[in-house]
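Content type compact mmCIF, C-alpha atoms, from the file entry.txt:
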```txt
# COMPACT_ATOMS: atom_id res chain seq x y z
CA MET T 1457 142.11 72.00 94.32
CA VAL T 1458 141.62 74.04 97.50
CA VAL T 1459 141.43 70.91 99.66
CA LEU T 1460 144.50 69.45 97.95
CA SER T 1461 146.37 72.71 98.59
CA VAL T 1462 145.54 72.60 102.30
CA VAL T 1463 146.59 68.94 102.55
CA PHE T 1464 149.84 69.69 100.73
CA GLY T 1465 150.35 72.83 102.81
CA LEU T 1466 150.08 70.83 106.04
CA MET T 1467 152.40 68.12 104.70
CA ASN T 1468 155.03 70.55 103.44
CA GLY T 1469 154.73 73.01 106.32
CA THR T 1470 153.66 75.71 103.88
CA ILE T 1471 150.21 76.28 105.40
CA ASN T 1472 151.02 79.92 106.24
CA GLU T 1473 151.87 80.63 102.64
CA VAL T 1474 148.68 78.86 101.53
CA GLY T 1475 146.61 81.15 103.73
CA ASN T 1476 148.31 84.27 102.43
CA ALA T 1477 147.99 83.07 98.86
CA ALA T 1478 144.22 82.68 99.26
CA MET T 1479 143.99 86.39 100.10
CA GLU T 1480 146.25 87.41 97.20
CA GLY T 1481 144.52 85.33 94.56
CA ALA T 1482 141.20 87.17 94.74
CA GLY T 1483 142.91 90.55 94.44
CA ALA T 1484 144.98 89.35 91.52
CA ALA T 1485 141.80 88.28 89.67
CA LEU T 1486 140.30 91.75 89.86
CA GLU T 1487 143.59 93.41 88.88
CA LEU T 1488 143.90 91.11 85.88
CA CYS T 1489 140.34 91.84 84.72
CA LEU T 1490 140.91 95.59 85.02
CA ALA T 1491 144.24 95.45 83.23
CA MET T 1492 143.04 93.34 80.30
CA GLY T 1493 139.56 94.90 80.14
CA GLY T 1494 140.48 97.66 77.71
CA ILE T 1495 142.08 95.45 75.09
CA MET T 1496 139.21 92.93 75.29
CA CYS T 1497 136.50 95.57 74.90
CA LEU T 1498 138.31 97.29 72.05
CA TRP T 1499 138.75 94.09 70.06
CA SER T 1500 135.29 92.83 70.66
CA GLY T 1501 134.14 96.17 69.24
CA VAL T 1502 136.47 95.88 66.23
CA MET T 1503 135.29 92.30 65.63
CA ALA T 1504 131.68 93.50 65.67
CA VAL T 1505 132.52 96.06 62.96
CA MET T 1506 134.35 93.38 60.92
CA ASN T 1507 131.32 91.12 61.21
CA ARG T 1508 129.00 93.87 59.93
CA CYS T 1509 131.44 94.67 57.10
CA GLY T 1510 130.82 91.19 55.74
CA PHE T 1511 134.17 89.64 56.75
CA THR T 1512 132.43 86.59 58.20
CA ASP T 1513 130.44 86.03 54.98
CA ALA T 1514 133.59 86.34 52.90
CA LEU T 1515 135.39 83.83 55.15
CA SER T 1516 132.42 81.46 54.93
CA ARG T 1517 132.59 81.44 51.15
CA LEU T 1518 136.32 80.87 51.33
CA PHE T 1519 135.99 77.84 53.58
CA ARG T 1520 132.99 76.17 51.98
CA PRO T 1521 134.98 74.12 49.42
CA ILE T 1522 137.33 72.79 52.11
CA LEU T 1523 134.47 71.96 54.44
CA CYS T 1524 132.61 70.21 51.62
CA ARG T 1525 135.58 67.89 51.22
CA LEU T 1526 135.58 67.11 54.94
CA MET T 1527 131.80 66.67 55.17
CA PRO T 1528 130.27 65.70 51.83
CA GLU T 1529 126.98 64.61 53.45
CA ALA T 1530 126.42 67.98 55.13
CA CYS T 1531 127.24 69.68 51.84
CA ARG T 1532 124.14 68.22 50.24
CA ASP T 1533 121.98 70.36 52.48
CA ARG T 1534 122.44 74.06 51.80
CA GLU T 1535 121.40 75.25 55.22
CA THR T 1536 123.60 72.79 57.09
CA ILE T 1537 126.77 73.69 55.24
CA ALA T 1538 125.90 77.38 55.53
CA ALA T 1539 125.64 77.01 59.31
CA VAL T 1540 128.88 75.00 59.46
CA SER T 1541 130.90 77.52 57.47
CA ALA T 1542 129.44 80.48 59.37
CA ASN T 1543 130.29 78.66 62.62
CA ILE T 1544 133.92 78.17 61.54
CA SER T 1545 134.20 81.78 60.32
CA CYS T 1546 132.85 83.19 63.59
CA ASN T 1547 135.33 81.02 65.48
CA LEU T 1548 138.15 82.40 63.35
CA LEU T 1549 137.16 85.97 64.19
CA GLY T 1550 136.81 85.08 67.85
CA LEU T 1551 133.04 85.70 67.92
CA GLY T 1552 132.40 82.83 70.31
CA ASN T 1553 128.91 84.04 71.23
CA ALA T 1554 127.87 83.97 67.58
CA ALA T 1555 129.71 80.75 66.72
CA THR T 1556 128.09 78.47 69.29
CA PRO T 1557 124.42 78.89 68.25
CA LEU T 1558 125.41 78.40 64.59
CA GLY T 1559 127.35 75.26 65.48
CA ILE T 1560 124.47 73.89 67.51
CA GLN T 1561 122.09 74.55 64.62
CA ALA T 1562 124.42 72.66 62.28
CA ALA T 1563 124.88 69.80 64.77
CA ARG T 1564 121.11 69.39 65.16
CA ARG T 1565 120.58 69.21 61.42
CA MET T 1566 123.40 66.72 61.03
CA ALA T 1567 122.11 64.54 63.90
CA LYS T 1568 118.65 64.12 62.34
CA GLY T 1569 117.80 60.45 61.94
CA SER T 1570 121.07 59.27 63.50
CA GLY T 1571 119.27 57.71 66.49
CA GLY T 1572 121.54 59.34 69.06
CA ILE T 1573 124.77 57.97 67.56
CA ALA T 1574 127.31 60.51 66.35
CA THR T 1575 127.96 60.34 62.62
CA ASN T 1576 131.46 60.76 61.20
CA GLU T 1577 130.66 64.24 59.98
CA LEU T 1578 129.19 65.35 63.28
CA CYS T 1579 132.37 64.15 65.01
CA MET T 1580 134.34 66.18 62.47
CA LEU T 1581 132.30 69.32 63.26
CA VAL T 1582 132.92 68.81 66.99
CA VAL T 1583 136.66 68.22 66.47
CA LEU T 1584 136.90 71.40 64.36
CA ASN T 1585 135.20 73.28 67.19
CA THR T 1586 137.31 71.80 70.01
CA ALA T 1587 140.53 72.71 68.22
CA SER T 1588 140.72 76.46 68.57
CA ILE T 1589 141.17 78.28 65.27
CA GLN T 1590 141.17 81.90 66.29
CA LEU T 1591 142.99 84.47 64.16
CA LEU T 1592 143.27 87.04 66.95
CA PRO T 1593 143.38 85.51 70.45
CA THR T 1594 142.46 88.80 72.09
CA THR T 1595 141.94 87.51 75.63
CA VAL T 1596 145.46 86.06 75.71
CA ALA T 1597 146.88 89.27 74.23
CA GLY T 1598 144.97 91.15 76.95
CA VAL T 1599 146.56 89.03 79.68
CA ARG T 1600 150.00 89.56 78.14
CA ALA T 1601 149.40 93.31 78.04
CA ALA T 1602 148.16 93.23 81.64
CA TYR T 1603 151.47 91.76 82.80
CA GLY T 1604 153.51 94.32 80.88
CA SER T 1605 154.50 92.45 77.72
CA ALA T 1606 156.57 94.58 75.34
CA SER T 1607 154.43 93.43 72.41
CA PRO T 1608 151.22 91.58 73.40
CA PHE T 1609 150.41 90.43 69.85
CA GLU T 1610 153.88 89.17 68.91
CA ILE T 1611 152.81 85.59 69.72
CA LEU T 1612 150.38 85.57 66.76
CA PRO T 1613 152.51 83.62 64.25
CA ALA T 1614 153.25 81.02 66.94
CA VAL T 1615 149.54 80.75 67.81
CA TRP T 1616 148.62 80.30 64.15
CA LEU T 1617 151.22 77.60 63.60
CA ALA T 1618 150.24 75.75 66.77
CA SER T 1619 146.51 76.01 65.91
CA ALA T 1620 147.08 74.79 62.37
CA LEU T 1621 149.07 71.77 63.57
CA SER T 1622 146.49 71.03 66.25
CA VAL T 1623 143.52 71.19 63.85
CA THR T 1624 145.35 69.04 61.31
CA ALA T 1625 146.12 66.45 63.98
CA GLY T 1626 142.48 66.47 65.10
CA VAL T 1627 141.15 65.99 61.56
CA LEU T 1628 143.63 63.19 60.85
CA ALA T 1629 142.85 61.48 64.16
CA ALA T 1630 139.12 61.73 63.42
CA LYS T 1631 139.59 60.26 59.93
CA LEU T 1632 141.72 57.43 61.25
CA LEU T 1633 139.50 56.62 64.23
CA SER T 1634 136.35 56.69 62.09
CA ARG T 1635 137.61 53.51 60.44
CA LEU T 1636 138.51 51.83 63.75
CA ILE T 1637 135.56 52.79 65.97
CA ARG T 1638 132.13 52.15 64.55
CA MET W 272 160.23 94.36 61.31
CA ASP W 273 157.80 92.52 63.51
CA LEU W 274 154.74 91.32 61.60
CA SER W 275 152.39 91.74 64.54
CA ALA W 276 153.53 95.34 65.03
CA VAL W 277 152.07 96.19 61.61
CA LEU W 278 149.12 93.84 61.85
CA VAL W 279 147.26 95.56 64.66
CA PRO W 280 147.23 99.11 63.21
CA ALA W 281 146.57 97.69 59.72
CA LEU W 282 143.57 95.66 60.91
CA LEU W 283 142.15 98.64 62.77
CA SER W 284 142.45 101.01 59.81
CA ILE W 285 141.24 98.48 57.20
CA THR W 286 138.19 97.72 59.33
CA ALA W 287 137.44 101.43 59.74
CA VAL W 288 137.86 102.18 56.03
CA VAL W 289 135.76 99.21 54.85
CA GLY W 290 133.09 100.05 57.43
CA LEU W 291 132.94 103.68 56.32
CA GLY W 292 132.94 102.59 52.68
CA LYS W 293 129.82 100.52 53.38
CA ARG W 294 128.25 103.53 55.09
CA LEU W 295 127.97 101.72 58.39
CA ASN W 296 127.74 103.58 61.66
CA VAL W 297 131.19 102.31 62.64
CA TYR W 298 131.38 104.08 65.96
CA ASP W 299 128.03 102.78 67.22
CA ILE W 300 128.81 99.22 66.16
CA LEU W 301 132.22 99.49 67.83
CA THR W 302 130.80 100.66 71.14
CA ASP W 303 128.04 98.03 71.04
CA GLY W 304 130.69 95.37 70.47
CA ALA W 305 132.82 96.78 73.26
CA ARG W 306 129.81 96.56 75.56
CA GLU W 307 129.55 92.86 74.68
CA GLY W 308 133.24 92.50 75.57
CA LEU W 309 132.60 94.16 78.92
CA LYS W 310 129.74 91.71 79.58
CA VAL W 311 132.09 88.79 78.89
CA LEU W 312 134.65 90.32 81.24
CA VAL W 313 132.12 90.85 84.04
CA GLY W 314 130.88 87.31 83.41
CA ILE W 315 134.29 85.72 83.94
CA LEU W 316 135.36 87.89 86.89
CA PRO W 317 133.54 85.93 89.64
CA ALA W 318 134.88 82.63 88.30
CA LEU W 319 138.35 84.10 88.01
CA VAL W 320 138.28 85.28 91.65
CA GLY W 321 137.48 81.76 92.83
CA LEU W 322 139.87 80.02 90.46
CA LEU W 323 142.87 82.32 90.89
CA THR W 324 142.48 81.95 94.65
CA ALA W 325 142.63 78.19 94.20
CA VAL W 326 145.61 78.44 91.82
CA TYR W 327 147.52 80.68 94.23
CA MET W 328 146.84 78.29 97.11
CA PHE W 329 147.77 75.29 95.00
CA ARG W 330 151.06 76.89 94.01
CA ALA W 331 151.91 78.15 97.50
CA SER W 332 151.33 74.71 99.03
CA GLY W 333 153.96 73.18 96.77
CA ALA W 334 151.40 70.89 95.08
CA MET W 335 152.02 72.53 91.68
CA ASP W 336 155.77 71.87 91.89
CA PHE W 337 155.06 68.29 92.94
CA LEU W 338 152.77 67.74 89.93
CA ALA W 339 155.34 69.32 87.62
CA SER W 340 158.22 67.22 88.97
CA LEU W 341 156.11 64.08 88.66
CA LEU W 342 155.41 64.71 84.98
CA ALA W 343 158.68 66.44 84.05
CA PRO W 344 160.40 63.47 82.34
CA ALA W 345 157.43 62.68 80.10
CA LEU W 346 156.79 66.33 79.22
CA GLU W 347 160.42 67.11 78.49
CA ALA W 348 160.57 64.11 76.18
CA VAL W 349 157.92 65.72 73.93
CA GLY W 350 159.36 69.24 74.30
CA ILE W 351 156.76 70.70 76.66
CA PRO W 352 158.17 72.78 79.58
CA PRO W 353 157.13 70.97 82.82
CA GLU W 354 156.17 74.29 84.46
CA THR W 355 153.04 74.24 82.28
CA ALA W 356 151.85 70.85 83.64
CA GLY W 357 148.92 72.41 85.53
CA LEU W 358 147.73 74.23 82.42
CA LEU W 359 147.70 71.01 80.38
CA PHE W 360 145.29 69.36 82.80
CA ILE W 361 142.83 72.18 83.29
CA ARG W 362 142.75 73.40 79.66
CA PRO W 363 140.30 70.82 78.24
CA MET W 364 138.03 71.07 81.29
CA SER W 365 137.59 74.72 82.20
CA GLY W 366 138.15 77.82 80.11
CA SER W 367 138.30 80.28 83.00
CA GLY W 368 140.38 77.80 85.02
CA ALA W 369 142.91 77.64 82.18
CA LEU W 370 142.91 81.44 81.95
CA ALA W 371 143.65 81.58 85.70
CA VAL W 372 146.50 79.04 85.54
CA GLY W 373 147.92 80.52 82.30
CA SER W 374 147.86 84.11 83.51
CA ASP W 375 149.47 83.01 86.78
CA LEU W 376 152.32 81.49 84.73
CA MET W 377 152.68 84.74 82.78
CA ALA W 378 152.72 86.75 86.03
CA GLN W 379 155.24 84.41 87.65
CA TYR W 380 157.73 84.04 84.81
CA GLY W 381 156.95 87.24 82.90
CA PRO W 382 154.82 87.46 79.73
CA ASP W 383 157.90 87.71 77.47
CA SER W 384 159.74 84.74 79.01
CA TYR W 385 159.86 81.31 77.36
CA ILE W 386 157.37 79.82 79.84
CA GLY W 387 155.12 82.90 79.62
CA ARG W 388 155.02 82.76 75.85
CA VAL W 389 154.40 79.01 75.74
CA ALA W 390 151.52 79.42 78.21
CA ALA W 391 150.03 82.22 76.07
CA VAL W 392 150.31 80.22 72.84
CA MET W 393 148.81 77.15 74.54
CA LEU W 394 145.85 79.25 75.70
CA GLY W 395 145.46 80.76 72.24
CA SER W 396 145.67 77.57 70.22
CA THR W 397 143.48 75.12 72.19
CA GLU W 398 139.87 75.04 73.39
CA THR W 399 137.78 73.90 76.34
CA THR W 400 137.36 70.50 74.72
CA PHE W 401 135.01 68.74 77.14
CA TYR W 402 132.72 71.74 77.44
CA THR W 403 132.44 72.08 73.65
CA ILE W 404 131.75 68.36 73.21
CA ALA W 405 129.07 68.49 75.90
CA VAL W 406 127.36 71.52 74.36
CA TYR W 407 127.31 70.18 70.78
CA PHE W 408 126.39 66.57 71.43
CA GLY W 409 124.03 67.57 74.23
CA SER W 410 122.06 69.95 72.05
CA ALA W 411 122.01 67.52 69.13
CA GLY W 412 120.68 64.70 71.34
CA ILE W 413 123.68 62.43 70.78
CA ARG W 414 124.30 59.73 73.39
CA LYS W 415 127.03 57.72 71.64
CA THR W 416 129.93 60.06 70.92
CA ARG W 417 132.14 57.31 69.42
CA TYR W 418 135.66 58.66 68.80
CA ALA W 419 135.00 62.40 69.19
CA VAL W 420 136.65 62.64 72.63
CA PRO W 421 139.93 60.84 71.76
CA ALA W 422 140.24 62.70 68.44
CA ALA W 423 139.70 66.07 70.17
CA LEU W 424 142.25 65.18 72.88
CA VAL W 425 144.79 64.24 70.19
CA ALA W 426 144.27 67.73 68.75
CA ASP W 427 144.84 69.24 72.22
CA LEU W 428 148.01 67.25 72.87
CA VAL W 429 149.45 68.14 69.47
CA GLY W 430 148.42 71.75 70.15
CA PHE W 431 150.42 71.78 73.41
CA MET W 432 153.51 70.28 71.79
CA ALA W 433 153.16 72.61 68.79
CA ALA W 434 152.85 75.63 71.13
CA ALA W 435 156.23 74.89 72.73
CA PHE W 436 157.74 74.11 69.33
CA ALA W 437 156.36 77.29 67.70
CA VAL W 438 157.65 79.52 70.51
CA ARG W 439 161.14 78.02 70.14
CA LEU W 440 160.91 78.43 66.37
CA PHE W 441 159.81 82.08 66.34
CA PHE W 442 161.62 83.49 69.37
CA TYR W 443 164.75 81.47 70.12
```

When written as structure tokens, how does the structure in this file appear?
Amino acid sequence: MVVLSVVFGLMNGTINEVGNAAMEGAGAALELCLAMGGIMCLWSGVMAVMNRCGFTDALSRLFRPILCRLMPEACRDRETIAAVSANISCNLLGLGNAATPLGIQAARRMAKGSGGIATNELCMLVVLNTASIQLLPTTVAGVRAAYGSASPFEILPAVWLASALSVTAGVLAAKLLSRLIR
Amino acid sequence: MDLSAVLVPALLSITAVVGLGKRLNVYDILTDGAREGLKVLVGILPALVGLLTAVYMFRASGAMDFLASLLAPALEAVGIPPETAGLLFIRPMSGSGALAVGSDLMAQYGPDSYIGRVAAVMLGSTETTFYTIAVYFGSAGIRKTRYAVPAALVADLVGFMAAAFAVRLFFY
């Protein structure tokens, strides 16, 4: 990207601006981190309290029936489906650091005996994890607050709708492609 | 009344009340969690310094405008504002890169502008697809990923279109 910028800068005669921009960018990064730091720390604290209150467990129970429909094989093994639903719940609460190890644990159990070829259900787990399903996108709200948004969280309904459509599209695409690509 | 205006105070108070009801040490858990958040922040800062520098240079050189103008007809056809072209490319590949490009868009156009809101919703409703696929399949020892990549990219593309659509629906 940097090399491209310099090439473009020379071509367009904007190389002075490119040089100045390089100095500005680093400062802007630190300013952004400082400005969104408060909101990020606060919410990661609140999410930790929610987790300890049992919100994640409640969400897991809520999602288990839906997940069992998407992955009937995984549902036969108690520990696998427990890891999958905990993974999805942690993702929903934005606990990325907790979600990943749970997802990996589930993926390993599901991959057993597959001989290195992804099963349909493992693909489904990965698609569910690549389509973000976060209830409170706190980092984005932090950035919005940092740049002086009047209401950093007002984008929530739009984020939920977009996430829901994106996850649905991913699940449908996975279902469809699982018949075409063996 | 704005739903999100009520949501934040409601979530905070419900969490506090439920936590106290369960006799948890709410304050200690909160500060521990906040410390985790600070670690994440410190972790992304060095990457953000490098990436925002690159984004600023890329934009100043005119390369960003060139990319946007190249893709504008196709993006407009599906309802995506062409200004977000850079974000679309980097989103599946790098989380901190997408944060850098997205926050630059919010700074440039304003967080409460159409472009700023679309960029925020795009960031909030998609994931670092390739990274996630690599982590999951890598740790599970999968070598043949079959259709996981195209299916995940379909989800991303629909997510981008839905982000622009949802912002128009809720704000304009």

note = Closest of T:Ala1606, T:Cys1509, T:Val1583, T:Val1463 to Thr403 in chain W, counting all atoms listed in the file, is T:Val1583

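For range 1469-1486 of chain T, the set of protein, DNA and RNA residues having any atom at most 6 Å away, when counting only C-alpha atoms and skipping those fewer than 4 positions along the same chain, is Gly1465 of chain T; Leu319, Val320, Leu323, Thr324, Tyr327, Met328, Ala331 and Ser332 of chain W.
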
Cut-off 12 Å: closest range 283-380 of chain W/range 1588-1599 of chain T atom pairs per residue, using all atoms listed in the file, as a Markdown table:
```
| residue | atom | partner | partner_atom | distance |
| --- | --- | --- | --- | --- |
| W:Gly308 | CA | T:Thr1595 | CA | 10.0 |
| W:Leu309 | CA | T:Thr1595 | CA | 11.9 |
| W:Val311 | CA | T:Thr1595 | CA | 10.5 |
| W:Leu312 | CA | T:Thr1595 | CA | 9.6 |
| W:Ile315 | CA | T:Thr1595 | CA | 11.4 |
| W:Arg362 | CA | T:Ser1588 | CA | 11.7 |
| W:Pro363 | CA | T:Ser1588 | CA | 11.2 |
| W:Gly366 | CA | T:Thr1595 | CA | 11.3 |
| W:Ser367 | CA | T:Thr1595 | CA | 10.9 |
| W:Ala369 | CA | T:Val1596 | CA | 10.9 |
| W:Leu370 | CA | T:Val1596 | CA | 8.2 |
| W:Ala371 | CA | T:Val1599 | CA | 10.0 |
| W:Val372 | CA | T:Val1599 | CA | 11.6 |
| W:Gly373 | CA | T:Val1596 | CA | 9.0 |
| W:Ser374 | CA | T:Val1599 | CA | 6.4 |
| W:Asp375 | CA | T:Val1599 | CA | 9.8 |
| W:Leu376 | CA | T:Val1599 | CA | 10.7 |
| W:Met377 | CA | T:Val1599 | CA | 8.1 |
| W:Ala378 | CA | T:Val1599 | CA | 9.1 |
```

Nearest residue to chain W from the set T:Cys1497, T:Leu1523, T:Met1467, T:Met1566 (distances using only C-alpha atoms) = T:Cys1497

task = Pick out the closest residue to Thr1575 in chain T from this set: T:Val1627, T:Ala1563, T:Arg1600, T:Asn1547. Count only C-alpha atoms.
result = T:Ala1563

request  = Measuring atom to atom with all atoms listed in the file, identify which of T:Ala1618, T:Ala1491, T:Ile1544, T:Val1502 is nearest to Val279 in chain W.
outcome  =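 Once distances to Val279 in chain W are computed over all atoms listed in the file, the minimum belongs to T:Val1502.
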
My structure is short of atoms at range 367-391 of chain W; please model N, CA and C atoms there, returning them as a PDB file, keeping the file's coordinate frame.
```pdb
ATOM      1  N   SER W 367     137.836  79.242  82.080  1.00  0.00           N
ATOM      2  CA  SER W 367     138.300  80.280  83.000  1.00  0.00           C
ATOM      3  C   SER W 367     139.383  79.738  83.928  1.00  0.00           C
ATOM      4  N   GLY W 368     139.321  78.425  84.220  1.00  0.00           N
ATOM      5  CA  GLY W 368     140.380  77.800  85.020  1.00  0.00           C
ATOM      6  C   GLY W 368     141.714  77.877  84.297  1.00  0.00           C
ATOM      7  N   ALA W 369     141.683  77.583  82.981  1.00  0.00           N
ATOM      8  CA  ALA W 369     142.910  77.640  82.180  1.00  0.00           C
ATOM      9  C   ALA W 369     143.423  79.070  82.108  1.00  0.00           C
ATOM     10  N   LEU W 370     142.499  80.025  81.986  1.00  0.00           N
ATOM     11  CA  LEU W 370     142.910  81.440  81.950  1.00  0.00           C
ATOM     12  C   LEU W 370     143.599  81.808  83.266  1.00  0.00           C
ATOM     13  N   ALA W 371     143.054  81.296  84.382  1.00  0.00           N
ATOM     14  CA  ALA W 371     143.650  81.580  85.700  1.00  0.00           C
ATOM     15  C   ALA W 371     145.047  80.986  85.792  1.00  0.00           C
ATOM     16  N   VAL W 372     145.198  79.701  85.434  1.00  0.00           N
ATOM     17  CA  VAL W 372     146.500  79.040  85.540  1.00  0.00           C
ATOM     18  C   VAL W 372     147.493  79.685  84.559  1.00  0.00           C
ATOM     19  N   GLY W 373     147.041  79.942  83.325  1.00  0.00           N
ATOM     20  CA  GLY W 373     147.920  80.520  82.300  1.00  0.00           C
ATOM     21  C   GLY W 373     148.369  81.925  82.678  1.00  0.00           C
ATOM     22  N   SER W 374     147.450  82.746  83.182  1.00  0.00           N
ATOM     23  CA  SER W 374     147.860  84.110  83.510  1.00  0.00           C
ATOM     24  C   SER W 374     148.755  84.112  84.742  1.00  0.00           C
ATOM     25  N   ASP W 375     148.567  83.130  85.629  1.00  0.00           N
ATOM     26  CA  ASP W 375     149.470  83.010  86.780  1.00  0.00           C
ATOM     27  C   ASP W 375     150.895  82.686  86.305  1.00  0.00           C
ATOM     28  N   LEU W 376     150.992  81.803  85.285  1.00  0.00           N
ATOM     29  CA  LEU W 376     152.320  81.490  84.730  1.00  0.00           C
ATOM     30  C   LEU W 376     152.965  82.726  84.118  1.00  0.00           C
ATOM     31  N   MET W 377     152.143  83.526  83.397  1.00  0.00           N
ATOM     32  CA  MET W 377     152.680  84.740  82.780  1.00  0.00           C
ATOM     33  C   MET W 377     153.118  85.735  83.843  1.00  0.00           C
ATOM     34  N   ALA W 378     152.360  85.822  84.952  1.00  0.00           N
ATOM     35  CA  ALA W 378     152.720  86.750  86.030  1.00  0.00           C
ATOM     36  C   ALA W 378     154.011  86.291  86.711  1.00  0.00           C
ATOM     37  N   GLN W 379     154.118  84.974  86.918  1.00  0.00           N
ATOM     38  CA  GLN W 379     155.240  84.410  87.650  1.00  0.00           C
ATOM     39  C   GLN W 379     156.549  84.506  86.873  1.00  0.00           C
ATOM     40  N   TYR W 380     156.496  84.108  85.603  1.00  0.00           N
ATOM     41  CA  TYR W 380     157.730  84.040  84.810  1.00  0.00           C
ATOM     42  C   TYR W 380     157.913  85.256  83.901  1.00  0.00           C
ATOM     43  N   GLY W 381     156.888  86.086  83.798  1.00  0.00           N
ATOM     44  CA  GLY W 381     156.950  87.240  82.900  1.00  0.00           C
ATOM     45  C   GLY W 381     156.340  86.882  81.560  1.00  0.00           C
ATOM     46  N   PRO W 382     155.527  87.794  80.976  1.00  0.00           N
ATOM     47  CA  PRO W 382     154.820  87.460  79.730  1.00  0.00           C
ATOM     48  C   PRO W 382     155.771  87.244  78.545  1.00  0.00           C
ATOM     49  N   ASP W 383     156.979  87.849  78.604  1.00  0.00           N
ATOM     50  CA  ASP W 383     157.900  87.710  77.470  1.00  0.00           C
ATOM     51  C   ASP W 383     158.992  86.671  77.734  1.00  0.00           C
ATOM     52  N   SER W 384     158.799  85.836  78.779  1.00  0.00           N
ATOM     53  CA  SER W 384     159.740  84.740  79.010  1.00  0.00           C
ATOM     54  C   SER W 384     159.323  83.536  78.171  1.00  0.00           C
ATOM     55  N   TYR W 385     160.194  82.532  78.118  1.00  0.00           N
ATOM     56  CA  TYR W 385     159.860  81.310  77.360  1.00  0.00           C
ATOM     57  C   TYR W 385     158.579  80.675  77.912  1.00  0.00           C
ATOM     58  N   ILE W 386     158.541  80.452  79.223  1.00  0.00           N
ATOM     59  CA  ILE W 386     157.370  79.820  79.840  1.00  0.00           C
ATOM     60  C   ILE W 386     156.112  80.678  79.609  1.00  0.00           C
ATOM     61  N   GLY W 387     156.259  82.000  79.795  1.00  0.00           N
ATOM     62  CA  GLY W 387     155.120  82.900  79.620  1.00  0.00           C
ATOM     63  C   GLY W 387     154.568  82.840  78.213  1.00  0.00           C
ATOM     64  N   ARG W 388     155.468  82.808  77.241  1.00  0.00           N
ATOM     65  CA  ARG W 388     155.020  82.760  75.850  1.00  0.00           C
ATOM     66  C   ARG W 388     154.382  81.422  75.524  1.00  0.00           C
ATOM     67  N   VAL W 389     154.986  80.332  76.005  1.00  0.00           N
ATOM     68  CA  VAL W 389     154.400  79.010  75.740  1.00  0.00           C
ATOM     69  C   VAL W 389     152.995  78.941  76.340  1.00  0.00           C
ATOM     70  N   ALA W 390     152.847  79.448  77.567  1.00  0.00           N
ATOM     71  CA  ALA W 390     151.520  79.420  78.210  1.00  0.00           C
ATOM     72  C   ALA W 390     150.520  80.212  77.373  1.00  0.00           C
ATOM     73  N   ALA W 391     150.932  81.389  76.865  1.00  0.00           N
ATOM     74  CA  ALA W 391     150.030  82.220  76.070  1.00  0.00           C
ATOM     75  C   ALA W 391     149.633  81.508  74.779  1.00  0.00           C
TER      76      ALA W 391
END
```
